[in-house]
$ cat entry-v2.tsv   # TSV, C-alpha atoms
chain	number	residue	atom	x	y	z
A	146	MET	CA	-13.00	-59.31	4.25
A	147	ASP	CA	-15.70	-61.03	6.26
A	148	MET	CA	-15.15	-64.66	5.27
A	149	ARG	CA	-18.56	-65.72	6.59
A	150	ARG	CA	-20.13	-64.11	3.55
A	151	PHE	CA	-18.34	-66.62	1.30
A	152	LEU	CA	-18.14	-69.55	3.71
A	153	ARG	CA	-19.65	-72.05	1.27
A	154	ILE	CA	-17.18	-71.05	-1.45
A	155	GLY	CA	-14.33	-71.60	0.98
A	156	ARG	CA	-15.67	-74.98	2.09
A	157	LEU	CA	-15.72	-76.16	-1.53
A	158	LEU	CA	-12.72	-74.45	-3.12
A	159	GLY	CA	-10.66	-73.49	-0.05
A	160	ASP	CA	-10.08	-70.20	1.74
A	161	GLU	CA	-7.04	-69.52	-0.42
A	162	SER	CA	-9.29	-69.52	-3.48
A	163	VAL	CA	-11.65	-67.07	-1.81
A	164	HIS	CA	-8.71	-64.77	-1.11
A	165	MET	CA	-7.49	-65.08	-4.71
A	166	LEU	CA	-10.91	-64.18	-6.08
A	167	SER	CA	-11.14	-61.19	-3.75
A	168	GLU	CA	-7.98	-59.77	-5.33
A	169	CYS	CA	-9.09	-60.21	-8.95
A	170	HIS	CA	-10.17	-57.38	-11.25
A	171	VAL	CA	-12.92	-58.22	-13.74
A	172	THR	CA	-14.57	-56.01	-16.34
A	173	VAL	CA	-18.07	-57.00	-17.48
A	174	VAL	CA	-19.23	-55.31	-20.68
A	175	GLY	CA	-22.99	-55.47	-21.19
A	176	MET	CA	-25.45	-55.42	-18.30
A	177	GLY	CA	-28.34	-57.10	-20.08
A	178	ALA	CA	-29.73	-60.59	-19.62
A	179	VAL	CA	-26.44	-62.46	-19.86
A	180	GLY	CA	-24.18	-59.86	-18.27
A	181	SER	CA	-26.36	-59.34	-15.21
A	182	TYR	CA	-26.32	-63.04	-14.32
A	183	ALA	CA	-22.57	-63.27	-14.90
A	184	LEU	CA	-22.13	-60.31	-12.58
A	185	GLU	CA	-24.21	-62.08	-9.94
A	186	VAL	CA	-21.85	-65.05	-10.00
A	187	LEU	CA	-18.80	-62.82	-9.63
A	188	ALA	CA	-20.27	-60.87	-6.73
A	189	ARG	CA	-21.46	-63.98	-4.87
A	190	SER	CA	-18.12	-65.71	-5.46
A	191	GLY	CA	-16.24	-62.95	-3.68
A	192	VAL	CA	-14.70	-61.07	-6.62
A	193	ARG	CA	-14.26	-57.63	-5.06
A	194	HIS	CA	-12.93	-55.52	-7.92
A	195	ILE	CA	-15.52	-55.27	-10.68
A	196	ARG	CA	-15.98	-52.80	-13.52
A	197	VAL	CA	-19.41	-52.75	-15.18
A	198	VAL	CA	-19.88	-51.19	-18.61
A	199	ASP	CA	-23.17	-50.35	-20.32
A	200	PHE	CA	-24.73	-47.22	-21.83
A	201	ASP	CA	-28.37	-48.25	-21.46
A	202	THR	CA	-31.21	-47.70	-19.00
A	203	VAL	CA	-33.58	-50.33	-17.64
A	204	GLY	CA	-36.71	-50.62	-19.79
A	205	ILE	CA	-39.96	-52.48	-19.29
A	206	THR	CA	-39.13	-54.99	-22.04
A	207	ASN	CA	-36.05	-56.02	-20.05
A	208	ILE	CA	-38.14	-57.41	-17.21
A	209	ASN	CA	-38.77	-60.84	-18.73
A	210	ARG	CA	-35.10	-61.86	-18.53
A	211	GLN	CA	-32.72	-59.31	-17.02
A	212	LEU	CA	-31.77	-59.75	-13.38
A	213	LEU	CA	-31.39	-56.01	-12.82
A	214	ALA	CA	-34.77	-55.14	-14.35
A	215	THR	CA	-37.65	-54.71	-11.89
A	216	GLU	CA	-40.47	-52.23	-11.49
A	217	SER	CA	-38.37	-50.23	-9.04
A	218	THR	CA	-35.38	-49.94	-11.41
A	219	LEU	CA	-37.24	-48.84	-14.55
A	220	GLY	CA	-35.60	-45.79	-16.12
A	221	ARG	CA	-32.41	-46.10	-14.09
A	222	LYS	CA	-28.96	-46.57	-15.60
A	223	LYS	CA	-28.09	-50.25	-15.72
A	224	VAL	CA	-24.55	-49.69	-14.47
A	225	GLU	CA	-25.79	-47.88	-11.37
A	226	VAL	CA	-28.34	-50.60	-10.62
A	227	ALA	CA	-25.59	-53.17	-11.10
A	228	ARG	CA	-23.22	-51.33	-8.79
A	229	GLN	CA	-25.83	-51.10	-6.04
A	230	ARG	CA	-26.68	-54.79	-6.35
A	231	VAL	CA	-23.04	-55.85	-6.01
A	232	LEU	CA	-22.59	-53.64	-2.96
A	233	ASP	CA	-25.75	-55.11	-1.41
A	234	ILE	CA	-24.16	-58.55	-1.84
A	235	ASN	CA	-20.71	-57.49	-0.66
A	236	PRO	CA	-20.31	-54.02	0.89
A	237	GLU	CA	-16.53	-54.46	0.71
A	238	ALA	CA	-16.56	-54.68	-3.07
A	239	HIS	CA	-15.11	-51.93	-5.23
A	240	VAL	CA	-17.38	-51.39	-8.22
A	241	GLU	CA	-16.64	-49.00	-11.09
A	242	SER	CA	-19.65	-48.10	-13.22
A	243	PHE	CA	-18.87	-46.94	-16.76
A	244	ASP	CA	-21.93	-45.51	-18.48
A	245	ILE	CA	-20.37	-45.59	-21.95
A	246	PHE	CA	-20.85	-47.34	-25.28
A	247	ALA	CA	-18.25	-49.94	-26.24
A	248	HIS	CA	-16.50	-49.00	-29.50
A	249	GLU	CA	-12.97	-48.43	-30.74
A	250	GLU	CA	-12.71	-44.92	-29.30
A	251	SER	CA	-13.83	-45.93	-25.79
A	252	LEU	CA	-11.70	-49.07	-25.35
A	253	ASP	CA	-8.78	-47.27	-23.70
A	254	THR	CA	-11.21	-46.16	-21.00
A	255	ILE	CA	-13.04	-49.48	-20.68
A	256	LEU	CA	-9.84	-51.53	-20.56
A	257	VAL	CA	-7.76	-49.28	-18.33
A	258	GLU	CA	-5.56	-51.33	-16.01
A	259	PRO	CA	-5.84	-53.29	-13.83
A	260	VAL	CA	-7.90	-55.92	-15.68
A	261	ASP	CA	-7.38	-59.64	-15.07
A	262	LEU	CA	-10.30	-60.77	-17.20
A	263	VAL	CA	-12.99	-59.29	-19.45
A	264	LEU	CA	-16.47	-60.79	-19.80
A	265	ASP	CA	-18.15	-59.89	-23.07
A	266	ALA	CA	-21.95	-59.89	-22.80
A	267	ILE	CA	-22.59	-57.52	-25.72
A	268	ASP	CA	-25.39	-58.52	-28.06
A	269	SER	CA	-24.68	-56.18	-31.01
A	270	VAL	CA	-22.13	-57.07	-33.65
A	271	ALA	CA	-20.10	-53.87	-34.13
A	272	PRO	CA	-19.29	-53.18	-30.46
A	273	LYS	CA	-18.71	-56.89	-29.84
A	274	LEU	CA	-16.15	-56.99	-32.65
A	275	ALA	CA	-14.48	-53.84	-31.36
A	276	LEU	CA	-14.20	-55.21	-27.83
A	277	LEU	CA	-12.94	-58.65	-28.85
A	278	GLU	CA	-10.34	-57.19	-31.19
A	279	GLY	CA	-9.34	-54.71	-28.49
A	280	VAL	CA	-8.74	-57.29	-25.77
A	281	TYR	CA	-6.99	-59.61	-28.22
A	282	ARG	CA	-4.55	-56.89	-29.30
A	283	ARG	CA	-3.92	-56.00	-25.64
A	284	ASN	CA	-3.42	-59.63	-24.57
A	285	ILE	CA	-6.22	-59.40	-22.02
A	286	PRO	CA	-8.00	-62.70	-21.28
A	287	VAL	CA	-11.65	-62.67	-22.31
A	288	ILE	CA	-14.68	-64.96	-22.18
A	289	SER	CA	-17.39	-64.02	-24.66
A	290	SER	CA	-21.07	-64.94	-24.79
A	291	MET	CA	-22.41	-65.80	-28.20
A	292	GLY	CA	-26.10	-65.90	-29.18
A	293	ALA	CA	-28.57	-66.80	-26.41
A	294	ALA	CA	-31.71	-65.58	-28.17
A	295	LEU	CA	-34.01	-67.98	-30.03
A	296	ARG	CA	-32.77	-70.98	-28.03
A	297	THR	CA	-34.98	-73.23	-25.91
A	298	ASP	CA	-32.71	-76.16	-24.99
A	299	PRO	CA	-30.47	-75.48	-21.97
A	300	SER	CA	-28.65	-78.80	-22.40
A	301	ARG	CA	-26.99	-77.53	-25.58
A	302	ILE	CA	-25.18	-74.63	-23.89
A	303	THR	CA	-21.43	-75.29	-23.85
A	304	THR	CA	-18.02	-73.61	-24.08
A	305	GLY	CA	-15.13	-73.57	-26.52
A	306	ASP	CA	-12.68	-71.43	-28.42
A	307	LEU	CA	-14.45	-69.06	-30.80
A	308	MET	CA	-12.73	-70.69	-33.75
A	309	ASP	CA	-14.15	-74.09	-32.74
A	310	THR	CA	-17.76	-72.95	-32.37
A	311	TYR	CA	-20.45	-74.39	-34.60
A	312	GLY	CA	-24.19	-74.05	-35.12
A	313	CYS	CA	-24.35	-70.46	-33.81
A	314	PRO	CA	-24.97	-67.77	-36.46
A	315	LEU	CA	-23.57	-65.02	-34.24
A	316	ALA	CA	-20.38	-66.97	-33.51
A	317	LYS	CA	-19.90	-67.71	-37.21
A	318	HIS	CA	-20.39	-64.05	-38.10
A	319	ILE	CA	-17.99	-62.84	-35.40
A	320	ARG	CA	-15.23	-65.36	-36.10
A	321	THR	CA	-15.39	-64.66	-39.84
A	322	LYS	CA	-14.97	-60.93	-39.32
A	323	LEU	CA	-12.22	-61.37	-36.73
A	324	ARG	CA	-10.28	-63.68	-39.02
A	325	ARG	CA	-10.34	-60.93	-41.63
A	326	ARG	CA	-8.71	-58.71	-39.01
A	327	GLY	CA	-5.95	-61.24	-38.43
A	328	ILE	CA	-7.37	-62.67	-35.21
A	329	ASP	CA	-7.42	-66.43	-34.73
A	330	ARG	CA	-7.54	-68.66	-31.67
A	331	GLY	CA	-7.56	-67.55	-28.05
A	332	ILE	CA	-11.08	-66.20	-27.41
A	333	MET	CA	-13.08	-68.49	-25.11
A	334	THR	CA	-16.85	-68.47	-25.62
A	335	VAL	CA	-20.11	-69.67	-24.17
A	336	PHE	CA	-22.34	-70.78	-27.04
A	337	SER	CA	-25.14	-73.08	-28.11
A	338	PRO	CA	-25.19	-75.10	-31.35
A	339	GLU	CA	-28.97	-75.49	-31.08
A	340	PRO	CA	-30.38	-74.88	-34.59
A	341	VAL	CA	-32.09	-71.50	-34.96
A	342	ASN	CA	-33.78	-69.85	-37.90
A	343	PHE	CA	-31.62	-66.78	-38.29
A	344	HIS	CA	-29.13	-65.60	-40.90
A	345	TYR	CA	-26.98	-62.47	-41.24
A	346	GLU	CA	-28.30	-61.42	-44.63
A	347	ASP	CA	-27.83	-57.66	-44.45
A	348	PRO	CA	-24.46	-56.42	-43.08
A	349	GLU	CA	-26.05	-53.12	-42.09
A	350	ARG	CA	-28.51	-54.78	-39.73
A	351	GLU	CA	-27.54	-56.16	-36.37
A	352	THR	CA	-29.14	-58.45	-33.84
A	353	HIS	CA	-30.26	-56.97	-30.57
A	354	ALA	CA	-32.48	-58.50	-27.91
A	355	GLU	CA	-33.20	-55.42	-25.82
A	356	PHE	CA	-36.38	-54.03	-27.36
A	357	ASN	CA	-39.78	-55.15	-28.62
A	358	GLU	CA	-39.67	-52.99	-31.76
A	359	GLN	CA	-37.03	-52.08	-34.29
A	360	ILE	CA	-35.08	-49.02	-33.20
A	361	LEU	CA	-32.15	-47.02	-34.45
A	362	ASP	CA	-29.19	-46.80	-32.12
A	363	ARG	CA	-26.00	-44.99	-33.06
A	364	GLY	CA	-27.13	-45.18	-36.69
A	365	ARG	CA	-27.74	-48.94	-36.79
A	366	VAL	CA	-30.99	-50.87	-37.02
A	367	ARG	CA	-31.23	-53.33	-34.17
A	368	ARG	CA	-33.42	-56.40	-34.56
A	369	VAL	CA	-35.62	-57.92	-31.92
A	370	LEU	CA	-35.12	-61.61	-31.19
A	371	GLY	CA	-37.24	-63.68	-28.83
A	372	SER	CA	-35.50	-64.98	-25.73
A	373	LEU	CA	-36.26	-66.87	-22.53
A	374	PRO	CA	-35.22	-65.91	-18.99
A	375	SER	CA	-34.00	-69.45	-18.37
A	376	ILE	CA	-31.68	-69.69	-21.38
A	377	THR	CA	-30.21	-66.19	-21.13
A	378	GLY	CA	-29.79	-66.70	-17.39
A	379	ILE	CA	-27.94	-69.98	-17.90
A	380	PHE	CA	-25.69	-68.32	-20.48
A	381	GLY	CA	-24.84	-65.65	-17.90
A	382	LEU	CA	-24.35	-68.13	-15.07
A	383	ARG	CA	-22.08	-70.23	-17.27
A	384	LEU	CA	-20.15	-67.12	-18.25
A	385	GLY	CA	-19.66	-66.24	-14.59
A	386	HIS	CA	-18.79	-69.84	-13.68
A	387	GLU	CA	-16.10	-70.05	-16.36
A	388	ALA	CA	-14.77	-66.69	-15.21
A	389	VAL	CA	-14.33	-67.87	-11.60
A	390	PHE	CA	-12.30	-70.92	-12.57
A	391	SER	CA	-10.31	-69.05	-15.19
A	392	LEU	CA	-9.36	-66.46	-12.58
A	393	LEU	CA	-8.29	-69.14	-10.13
A	394	ASP	CA	-6.20	-70.87	-12.79
A	395	MET	CA	-4.52	-67.58	-13.69
A	396	LYS	CA	-3.77	-66.71	-10.07
A	397	ARG	CA	-2.35	-70.15	-9.28
A	398	ILE	CA	0.00	-69.89	-12.25
A	399	VAL	CA	1.51	-66.61	-10.98
A	400	THR	CA	1.35	-67.38	-7.24
A	401	PRO	CA	4.55	-68.93	-5.79

$ encode --input "entry-v2.tsv" --output "structure tokens"
Amino acid sequence: MDMRRFLRIGRLLGDESVHMLSECHVTVVGMGAVGSYALEVLARSGVRHIRVVDFDTVGITNINRQLLATESTLGRKKVEVARQRVLDINPEAHVESFDIFAHEESLDTILVEPVDLVLDAIDSVAPKLALLEGVYRRNIPVISSMGAALRTDPSRITTGDLMDTYGCPLAKHIRTKLRRRGIDRGIMTVFSPEPVNFHYEDPERETHAEFNEQILDRGRVRRVLGSLPSITGIFGLRLGHEAVFSLLDMKRIVTP
């Protein structure tokens, strides 16, 4: 690997850390606003083995906040745009693009080994629950992004175990449902306790920040929530940042 590409990482964290990151395998599920920025951190930190998962195409309403969404990428599969971007950053990277929907039946494909860490950037409840339960049952480390929509205060964005989150309607909804499935501590999250005016009143309706009108997707109504490029970007950058240091901690534990 050409170390000049990641010289500044090496100067700060050491060349050994750069080498460790280059050997890590990370799966990022969700290539929207949060996932695309998390992916950027991974690629620019020297993580060479990346799997990107998303079933969607780039739409015009993605442009206000999604790193992969530009006029030239409209209509293209998000995973293919993501793969090309990573390779433009690091031609030595190995990027797997999985154009599939995350649900119980697809988890064996999404989580096929090797996987050192999963980043959850899904913004719909059912697939998010499926993924988080799936990685928990398989003992795969995960960092999950909770709700970034409706927030305006970047100073409130923080991290913590899912069971310790507070002030986030999505986090409350997810942890309640996971507890009913026998899942407790061990899922790290990026979240914001900034007060928002949103409640999960109808279990058949799910939040979704991808479109500017209500749509039906796989039989579920997906709601539109306002979001800023700054806040969703910071969520993604924080997700990627936590991933880098989690990977280094894991590698140092197993390295003699």

$ closest_atom_pairs --input "entry-v2.tsv" --of "stretch 242-358 of chain A" --to "stretch 376-399 of chain A" --cutoff "10 Å" --atoms "all atoms listed in the file" --output "CSV"
residue,atom,partner,partner_atom,distance
A:Asp261,CA,A:Leu392,CA,7.5
A:Leu262,CA,A:Leu392,CA,7.4
A:Val263,CA,A:Ala388,CA,8.7
A:Leu264,CA,A:Leu384,CA,7.5
A:Asp265,CA,A:Leu384,CA,8.9
A:Ala266,CA,A:Gly381,CA,8.1
A:Pro286,CA,A:Ser391,CA,9.1
A:Val287,CA,A:Ala388,CA,8.7
A:Ile288,CA,A:Leu384,CA,7.1
A:Ser289,CA,A:Leu384,CA,7.6
A:Ser290,CA,A:Leu384,CA,7.0
A:Met291,CA,A:Phe380,CA,8.8
A:Gly292,CA,A:Phe380,CA,9.0
A:Ala293,CA,A:Thr377,CA,5.6
A:Ala294,CA,A:Thr377,CA,7.2
A:Leu295,CA,A:Ile376,CA,9.1
A:Arg296,CA,A:Ile376,CA,6.9
A:Thr297,CA,A:Ile376,CA,6.6
A:Asp298,CA,A:Ile376,CA,7.5
A:Pro299,CA,A:Ile376,CA,5.9
A:Ser300,CA,A:Ile376,CA,9.7
A:Ile302,CA,A:Phe380,CA,7.2
A:Thr303,CA,A:Arg383,CA,8.3
A:Thr304,CA,A:Arg383,CA,8.6
A:Met333,CA,A:Glu387,CA,9.4
A:Thr334,CA,A:Leu384,CA,8.2
A:Val335,CA,A:Leu384,CA,6.4
A:Phe336,CA,A:Phe380,CA,7.8
A:Ser337,CA,A:Phe380,CA,9.0

$ atom_distance --input "entry-v2.tsv" --atom1 "atom CA of A:Ile319" --atom2 "atom CA of A:Phe200"
21.8 Å

$ atom_distance --input "entry-v2.tsv" --atom1 "atom CA of A:Ser181" --atom2 "atom CA of A:Leu212"
5.7 Å

$ closest_residue --input "entry-v2.tsv" --among "A:Val270, A:Val197, A:Leu157, A:Leu277" --to "A:Pro314" --atoms "all atoms listed in the file"
A:Val270

$ residues_around --input "entry-v2.tsv" --residues "stretch 163-167 of chain A" --least-positions-apart "5" --cutoff "9 Å" --atoms "only C-alpha atoms" --output "list in words"
Met146, Met148, Phe151, Leu152, Ile154, Gly155, Leu158, Leu187, Ser190, Gly191, Val192, Arg193, His194, Ala238, Val389, Leu392, Leu393, Lys396 and Arg397 of chain A

$ closest_residue --input "entry-v2.tsv" --among "A:Leu370, A:Ile205, A:Ala188, A:Cys313" --to "A:Gln229" --atoms "all atoms listed in the file"
A:Ala188

$ atom_distance --input "entry-v2.tsv" --atom1 "atom CA of A:Val369" --atom2 "atom CA of A:Glu225"
24.9 Å

$ closest_residue --input "entry-v2.tsv" --among "A:Asn209, A:Ser162, A:Thr321, A:Ser242" --to "A:Leu274" --atoms "all atoms listed in the file"
A:Thr321

$ residues_near_point --input "entry-v2.tsv" --point "(-11.2, -56.2, -16.2)" --cutoff "7 Å" --atoms "all atoms listed in the file" --output "list in words"
His170, Val171, Thr172, Arg196, Leu256, Pro259, Val260, Asp261, Leu262 and Val263 of chain A

$ residues_near_point --input "entry-v2.tsv" --point "(-25.9, -50.9, -11.7)" --cutoff "10 Å" --atoms "all atoms listed in the file" --output "MDAnalysis selection string"
chainID A and resid 176 181 197:199 202:203 213 218 221:232 240:244

$ build_atoms --input "entry-v2.tsv" --residues "stretch 269-290 of chain A" --atoms "N, CA, C and O atoms" --output "PDB file, keeping the file's coordinate frame"
ATOM      1  N   SER A 269     -24.704 -56.838 -29.703  1.00  0.00           N
ATOM      2  CA  SER A 269     -24.680 -56.180 -31.010  1.00  0.00           C
ATOM      3  C   SER A 269     -23.323 -56.417 -31.659  1.00  0.00           C
ATOM      4  O   SER A 269     -22.289 -56.416 -30.988  1.00  0.00           O
ATOM      5  N   VAL A 270     -23.328 -56.601 -32.969  1.00  0.00           N
ATOM      6  CA  VAL A 270     -22.130 -57.070 -33.650  1.00  0.00           C
ATOM      7  C   VAL A 270     -20.974 -56.075 -33.605  1.00  0.00           C
ATOM      8  O   VAL A 270     -19.850 -56.432 -33.236  1.00  0.00           O
ATOM      9  N   ALA A 271     -21.203 -54.823 -34.015  1.00  0.00           N
ATOM     10  CA  ALA A 271     -20.100 -53.870 -34.130  1.00  0.00           C
ATOM     11  C   ALA A 271     -19.350 -53.651 -32.815  1.00  0.00           C
ATOM     12  O   ALA A 271     -18.114 -53.743 -32.790  1.00  0.00           O
ATOM     13  N   PRO A 272     -20.037 -53.347 -31.709  1.00  0.00           N
ATOM     14  CA  PRO A 272     -19.290 -53.180 -30.460  1.00  0.00           C
ATOM     15  C   PRO A 272     -18.657 -54.465 -29.966  1.00  0.00           C
ATOM     16  O   PRO A 272     -17.592 -54.437 -29.326  1.00  0.00           O
ATOM     17  N   LYS A 273     -19.289 -55.596 -30.247  1.00  0.00           N
ATOM     18  CA  LYS A 273     -18.710 -56.890 -29.840  1.00  0.00           C
ATOM     19  C   LYS A 273     -17.388 -57.116 -30.567  1.00  0.00           C
ATOM     20  O   LYS A 273     -16.386 -57.515 -29.966  1.00  0.00           O
ATOM     21  N   LEU A 274     -17.384 -56.859 -31.877  1.00  0.00           N
ATOM     22  CA  LEU A 274     -16.150 -56.990 -32.650  1.00  0.00           C
ATOM     23  C   LEU A 274     -15.067 -56.052 -32.129  1.00  0.00           C
ATOM     24  O   LEU A 274     -13.900 -56.442 -32.002  1.00  0.00           O
ATOM     25  N   ALA A 275     -15.449 -54.820 -31.851  1.00  0.00           N
ATOM     26  CA  ALA A 275     -14.480 -53.840 -31.360  1.00  0.00           C
ATOM     27  C   ALA A 275     -13.863 -54.300 -30.042  1.00  0.00           C
ATOM     28  O   ALA A 275     -12.641 -54.226 -29.853  1.00  0.00           O
ATOM     29  N   LEU A 276     -14.706 -54.779 -29.127  1.00  0.00           N
ATOM     30  CA  LEU A 276     -14.200 -55.210 -27.830  1.00  0.00           C
ATOM     31  C   LEU A 276     -13.289 -56.430 -27.976  1.00  0.00           C
ATOM     32  O   LEU A 276     -12.195 -56.467 -27.390  1.00  0.00           O
ATOM     33  N   LEU A 277     -13.735 -57.426 -28.726  1.00  0.00           N
ATOM     34  CA  LEU A 277     -12.940 -58.650 -28.850  1.00  0.00           C
ATOM     35  C   LEU A 277     -11.605 -58.387 -29.541  1.00  0.00           C
ATOM     36  O   LEU A 277     -10.566 -58.938 -29.138  1.00  0.00           O
ATOM     37  N   GLU A 278     -11.617 -57.545 -30.561  1.00  0.00           N
ATOM     38  CA  GLU A 278     -10.340 -57.190 -31.190  1.00  0.00           C
ATOM     39  C   GLU A 278      -9.463 -56.416 -30.208  1.00  0.00           C
ATOM     40  O   GLU A 278      -8.250 -56.641 -30.124  1.00  0.00           O
ATOM     41  N   GLY A 279     -10.093 -55.528 -29.433  1.00  0.00           N
ATOM     42  CA  GLY A 279      -9.340 -54.710 -28.490  1.00  0.00           C
ATOM     43  C   GLY A 279      -8.651 -55.529 -27.415  1.00  0.00           C
ATOM     44  O   GLY A 279      -7.470 -55.311 -27.110  1.00  0.00           O
ATOM     45  N   VAL A 280      -9.367 -56.479 -26.827  1.00  0.00           N
ATOM     46  CA  VAL A 280      -8.740 -57.290 -25.770  1.00  0.00           C
ATOM     47  C   VAL A 280      -7.692 -58.230 -26.358  1.00  0.00           C
ATOM     48  O   VAL A 280      -6.648 -58.486 -25.735  1.00  0.00           O
ATOM     49  N   TYR A 281      -7.957 -58.719 -27.561  1.00  0.00           N
ATOM     50  CA  TYR A 281      -6.990 -59.610 -28.220  1.00  0.00           C
ATOM     51  C   TYR A 281      -5.676 -58.886 -28.474  1.00  0.00           C
ATOM     52  O   TYR A 281      -4.593 -59.417 -28.201  1.00  0.00           O
ATOM     53  N   ARG A 282      -5.768 -57.668 -29.003  1.00  0.00           N
ATOM     54  CA  ARG A 282      -4.550 -56.890 -29.300  1.00  0.00           C
ATOM     55  C   ARG A 282      -3.803 -56.517 -28.018  1.00  0.00           C
ATOM     56  O   ARG A 282      -2.578 -56.364 -28.032  1.00  0.00           O
ATOM     57  N   ARG A 283      -4.530 -56.384 -26.913  1.00  0.00           N
ATOM     58  CA  ARG A 283      -3.920 -56.000 -25.640  1.00  0.00           C
ATOM     59  C   ARG A 283      -3.523 -57.197 -24.792  1.00  0.00           C
ATOM     60  O   ARG A 283      -3.049 -57.040 -23.671  1.00  0.00           O
ATOM     61  N   ASN A 284      -3.749 -58.394 -25.298  1.00  0.00           N
ATOM     62  CA  ASN A 284      -3.420 -59.630 -24.570  1.00  0.00           C
ATOM     63  C   ASN A 284      -4.146 -59.729 -23.231  1.00  0.00           C
ATOM     64  O   ASN A 284      -3.584 -60.177 -22.232  1.00  0.00           O
ATOM     65  N   ILE A 285      -5.391 -59.289 -23.221  1.00  0.00           N
ATOM     66  CA  ILE A 285      -6.220 -59.400 -22.020  1.00  0.00           C
ATOM     67  C   ILE A 285      -7.118 -60.621 -22.166  1.00  0.00           C
ATOM     68  O   ILE A 285      -7.835 -60.747 -23.162  1.00  0.00           O
ATOM     69  N   PRO A 286      -7.118 -61.532 -21.206  1.00  0.00           N
ATOM     70  CA  PRO A 286      -8.000 -62.700 -21.280  1.00  0.00           C
ATOM     71  C   PRO A 286      -9.468 -62.278 -21.345  1.00  0.00           C
ATOM     72  O   PRO A 286      -9.879 -61.314 -20.694  1.00  0.00           O
ATOM     73  N   VAL A 287     -10.243 -63.011 -22.134  1.00  0.00           N
ATOM     74  CA  VAL A 287     -11.650 -62.670 -22.310  1.00  0.00           C
ATOM     75  C   VAL A 287     -12.462 -63.951 -22.432  1.00  0.00           C
ATOM     76  O   VAL A 287     -11.982 -64.973 -22.943  1.00  0.00           O
ATOM     77  N   ILE A 288     -13.686 -63.912 -21.939  1.00  0.00           N
ATOM     78  CA  ILE A 288     -14.680 -64.960 -22.180  1.00  0.00           C
ATOM     79  C   ILE A 288     -15.894 -64.245 -22.756  1.00  0.00           C
ATOM     80  O   ILE A 288     -16.399 -63.276 -22.181  1.00  0.00           O
ATOM     81  N   SER A 289     -16.355 -64.723 -23.910  1.00  0.00           N
ATOM     82  CA  SER A 289     -17.390 -64.020 -24.660  1.00  0.00           C
ATOM     83  C   SER A 289     -18.643 -64.872 -24.791  1.00  0.00           C
ATOM     84  O   SER A 289     -18.561 -66.070 -25.088  1.00  0.00           O
ATOM     85  N   SER A 290     -19.792 -64.259 -24.584  1.00  0.00           N
ATOM     86  CA  SER A 290     -21.070 -64.940 -24.790  1.00  0.00           C
ATOM     87  C   SER A 290     -21.516 -64.756 -26.230  1.00  0.00           C
ATOM     88  O   SER A 290     -21.580 -63.647 -26.738  1.00  0.00           O
TER      89      SER A 290
END
